[in-house]
Amino acid sequence: MDALDRKILTELQLDGRLTVTELAARVKLSVSPCHRRLRDLEREGAIRGYRAVVDPAAVGLNFEALVFATLRWEDADTVSAFEEAVAAVPHVLQAQRLFGDPDYLLRVATTDLAAFQRLYDQQLARLPGVQRLNSTLVMKHIVDERPLPE
């Protein structure tokens, strides 16, 4: 991957709806080579897909929490069962496995505190292998959906 590929990726992260013609103009390349590079980036997996970035508040998800999960055991079966179950919870927007304690960080969005409490009690606390959950509320997003650095 060269500097031109990175520029293409940066421009698409800023505006994923660019036409190939617009993208080519922004990276100062003719359309055919730009299109070829774009297809190569898609085929190689550098571009995983295209999607709309939706404001959670605009669809009624005004409450966000970060939930730290620690598992009882970290054997392969427990980890697999936990990860499969957490992936099935629609309100979990992101889930990351961490080194050390806690084992996981979950980003959760709900309509309000009461909805979060229900989700916590009825789904998150019942995830397979959970020993302990610890939550903190998101007060404000400072950096969100930033493009990857070049």
# chains A, B, ... in the order shown; residues from 1 in each chain; ligands from 1
>>> residues_around(residues="Thr136 of chain A", least_positions_apart="3", cutoff="12 Å", atoms="only C-alpha atoms", output="mmCIF file with N, CA and C atoms, in the first residue's frame")
data_model
loop_
_atom_site.group_PDB
_atom_site.id
_atom_site.type_symbol
_atom_site.label_atom_id
_atom_site.label_comp_id
_atom_site.auth_asym_id
_atom_site.auth_seq_id
_atom_site.Cartn_x
_atom_site.Cartn_y
_atom_site.Cartn_z
ATOM 1 N N PHE A 63 -28.866 7.101 25.243
ATOM 2 C CA PHE A 63 -28.111 6.694 26.426
ATOM 3 C C PHE A 63 -27.016 5.727 26.001
ATOM 4 N N GLU A 64 -25.801 6.001 26.419
ATOM 5 C CA GLU A 64 -24.685 5.128 26.063
ATOM 6 C C GLU A 64 -23.855 4.806 27.296
ATOM 7 N N ALA A 65 -23.441 3.557 27.381
ATOM 8 C CA ALA A 65 -22.610 3.112 28.493
ATOM 9 C C ALA A 65 -21.473 2.246 27.964
ATOM 10 N N LEU A 66 -20.390 2.243 28.703
ATOM 11 C CA LEU A 66 -19.294 1.317 28.464
ATOM 12 C C LEU A 66 -19.368 0.276 29.573
ATOM 13 N N VAL A 67 -19.406 -0.981 29.180
ATOM 14 C CA VAL A 67 -19.534 -2.071 30.140
ATOM 15 C C VAL A 67 -18.269 -2.914 30.063
ATOM 16 N N PHE A 68 -17.631 -3.079 31.201
ATOM 17 C CA PHE A 68 -16.429 -3.898 31.295
ATOM 18 C C PHE A 68 -16.840 -5.255 31.847
ATOM 19 N N ALA A 69 -16.487 -6.322 31.143
ATOM 20 C CA ALA A 69 -16.873 -7.675 31.551
ATOM 21 C C ALA A 69 -15.632 -8.489 31.892
ATOM 22 N N LEU A 105 -14.542 -5.082 26.716
ATOM 23 C CA LEU A 105 -15.152 -3.758 26.761
ATOM 24 C C LEU A 105 -16.304 -3.765 25.762
ATOM 25 N N LEU A 106 -17.499 -3.434 26.251
ATOM 26 C CA LEU A 106 -18.699 -3.388 25.415
ATOM 27 C C LEU A 106 -19.202 -1.946 25.358
ATOM 28 N N ARG A 107 -19.517 -1.479 24.169
ATOM 29 C CA ARG A 107 -20.159 -0.168 24.013
ATOM 30 C C ARG A 107 -21.620 -0.442 23.732
ATOM 31 N N VAL A 108 -22.479 0.088 24.603
ATOM 32 C CA VAL A 108 -23.906 -0.230 24.578
ATOM 33 C C VAL A 108 -24.712 1.052 24.421
ATOM 34 N N LEU A 113 -31.821 5.352 30.765
ATOM 35 C CA LEU A 113 -31.260 4.602 31.883
ATOM 36 C C LEU A 113 -32.095 3.377 32.233
ATOM 37 N N PHE A 116 -31.391 0.694 29.788
ATOM 38 C CA PHE A 116 -30.065 0.127 30.042
ATOM 39 C C PHE A 116 -30.119 -0.839 31.226
ATOM 40 N N LEU A 133 -19.475 -7.539 36.007
ATOM 41 C CA LEU A 133 -19.679 -6.445 35.068
ATOM 42 C C LEU A 133 -19.459 -5.135 35.810
ATOM 43 N N MET A 139 -20.593 10.447 28.863
ATOM 44 C CA MET A 139 -21.139 11.783 29.036
ATOM 45 C C MET A 139 -21.130 12.556 27.723
#
>>> closest_atom_pairs(of="segment 64-140 of chain A", to="segment 39-58 of chain A", cutoff="9 Å", atoms="only C-alpha atoms", output="CSV")
residue,atom,partner,partner_atom,distance
A:Ala109,CA,A:Pro56,CA,7.7
A:Thr110,CA,A:Pro56,CA,8.9
A:Thr111,CA,A:Ala57,CA,8.4
>>> write_last_selection(atoms="C-alpha atoms", output="compact mmCIF listing (two decimals), in the first residue's frame")
# COMPACT_ATOMS: atom_id res chain seq x y z
CA ALA A 109 -26.64 2.16 23.41
CA THR A 110 -30.21 2.25 24.71
CA THR A 111 -33.06 4.75 24.84
>>> select_by_dssp(residues="segment 14-147 of chain A", states="strand (DSSP E or B)", output="PyMOL selection string")
chain A and resi 63-71+92-97+104-110+130-137
>>> write_last_selection(atoms="C-alpha atoms", output="compact mmCIF listing (two decimals), in the first residue's frame")
# COMPACT_ATOMS: atom_id res chain seq x y z
CA PHE A 63 -28.11 6.69 26.43
CA GLU A 64 -24.69 5.13 26.06
CA ALA A 65 -22.61 3.11 28.49
CA LEU A 66 -19.29 1.32 28.46
CA VAL A 67 -19.53 -2.07 30.14
CA PHE A 68 -16.43 -3.90 31.30
CA ALA A 69 -16.87 -7.67 31.55
CA THR A 70 -14.66 -10.09 33.43
CA LEU A 71 -15.13 -13.80 32.82
CA VAL A 92 -24.03 -3.86 21.92
CA LEU A 93 -22.55 -1.56 19.27
CA GLN A 94 -18.95 -2.62 19.79
CA ALA A 95 -17.26 -5.41 21.73
CA GLN A 96 -13.53 -5.76 22.20
CA ARG A 97 -11.50 -8.45 23.93
CA TYR A 104 -13.97 -7.28 27.49
CA LEU A 105 -15.15 -3.76 26.76
CA LEU A 106 -18.70 -3.39 25.41
CA ARG A 107 -20.16 -0.17 24.01
CA VAL A 108 -23.91 -0.23 24.58
CA ALA A 109 -26.64 2.16 23.41
CA THR A 110 -30.21 2.25 24.71
CA VAL A 130 -19.60 -13.59 33.29
CA GLN A 131 -18.07 -13.19 36.71
CA ARG A 132 -18.35 -9.43 37.01
CA LEU A 133 -19.68 -6.44 35.07
CA ASN A 134 -18.67 -2.86 35.70
CA SER A 135 -20.25 0.06 33.85
CA THR A 136 -19.58 3.69 33.26
CA LEU A 137 -21.79 6.17 31.45
>>> closest_residue(among="A:Glu150, A:Glu84, A:Asp112, A:Asp101", to="Pro128 of chain A", atoms="only C-alpha atoms")
A:Glu84
>>> residues_around(residues="segment 18-20 of chain A", least_positions_apart="2", cutoff="8 Å", atoms="only C-alpha atoms", output="PDB file with N, CA, C and O atoms, in the first residue's frame")
ATOM      1  N   LEU A  12     -12.319   8.300   1.265  1.00  0.00           N
ATOM      2  CA  LEU A  12     -13.532   7.485   1.397  1.00  0.00           C
ATOM      3  C   LEU A  12     -14.041   7.433   2.835  1.00  0.00           C
ATOM      4  O   LEU A  12     -15.243   7.339   3.068  1.00  0.00           O
ATOM      5  N   ASP A  15     -15.935  10.632   3.168  1.00  0.00           N
ATOM      6  CA  ASP A  15     -17.188  10.631   2.413  1.00  0.00           C
ATOM      7  C   ASP A  15     -17.262   9.351   1.584  1.00  0.00           C
ATOM      8  O   ASP A  15     -16.724   9.288   0.475  1.00  0.00           O
ATOM      9  N   GLY A  16     -17.935   8.359   2.110  1.00  0.00           N
ATOM     10  CA  GLY A  16     -18.051   7.062   1.453  1.00  0.00           C
ATOM     11  C   GLY A  16     -18.970   7.061   0.248  1.00  0.00           C
ATOM     12  O   GLY A  16     -19.061   6.059  -0.456  1.00  0.00           O
ATOM     13  N   GLU A  22     -15.308  11.704  -8.633  1.00  0.00           N
ATOM     14  CA  GLU A  22     -15.007  12.666  -7.565  1.00  0.00           C
ATOM     15  C   GLU A  22     -13.780  12.233  -6.772  1.00  0.00           C
ATOM     16  O   GLU A  22     -12.923  13.062  -6.432  1.00  0.00           O
ATOM     17  N   LEU A  23     -13.702  10.944  -6.471  1.00  0.00           N
ATOM     18  CA  LEU A  23     -12.552  10.417  -5.734  1.00  0.00           C
ATOM     19  C   LEU A  23     -11.265  10.637  -6.519  1.00  0.00           C
ATOM     20  O   LEU A  23     -10.259  11.087  -5.955  1.00  0.00           O
ATOM     21  N   ALA A  24     -11.295  10.335  -7.799  1.00  0.00           N
ATOM     22  CA  ALA A  24     -10.110  10.510  -8.645  1.00  0.00           C
ATOM     23  C   ALA A  24      -9.647  11.966  -8.640  1.00  0.00           C
ATOM     24  O   ALA A  24      -8.445  12.248  -8.543  1.00  0.00           O
ATOM     25  N   VAL A  31      -9.520   8.628 -13.779  1.00  0.00           N
ATOM     26  CA  VAL A  31     -10.582   7.748 -13.299  1.00  0.00           C
ATOM     27  C   VAL A  31     -10.212   6.267 -13.370  1.00  0.00           C
ATOM     28  O   VAL A  31     -10.409   5.525 -12.404  1.00  0.00           O
ATOM     29  N   CYS A  34      -7.691   5.154 -10.736  1.00  0.00           N
ATOM     30  CA  CYS A  34      -8.334   5.295  -9.422  1.00  0.00           C
ATOM     31  C   CYS A  34      -9.310   4.139  -9.201  1.00  0.00           C
ATOM     32  O   CYS A  34      -9.330   3.536  -8.125  1.00  0.00           O
ATOM     33  N   HIS A  35     -10.093   3.830 -10.213  1.00  0.00           N
ATOM     34  CA  HIS A  35     -11.053   2.731 -10.108  1.00  0.00           C
ATOM     35  C   HIS A  35     -10.331   1.408  -9.880  1.00  0.00           C
ATOM     36  O   HIS A  35     -10.757   0.586  -9.062  1.00  0.00           O
TER      37      HIS A  35
END
>>> select_by_dssp(residues="segment 4-60 of chain A", states="helix (DSSP H, G or I)", output="VMD selection string")
chain A and resid 4 to 14 20 to 26 31 to 43 56 to 59
>>> closest_residue(among="A:Pro147, A:Val89, A:Gly129, A:Lys140", to="Asp77 of chain A", atoms="only C-alpha atoms")
A:Gly129
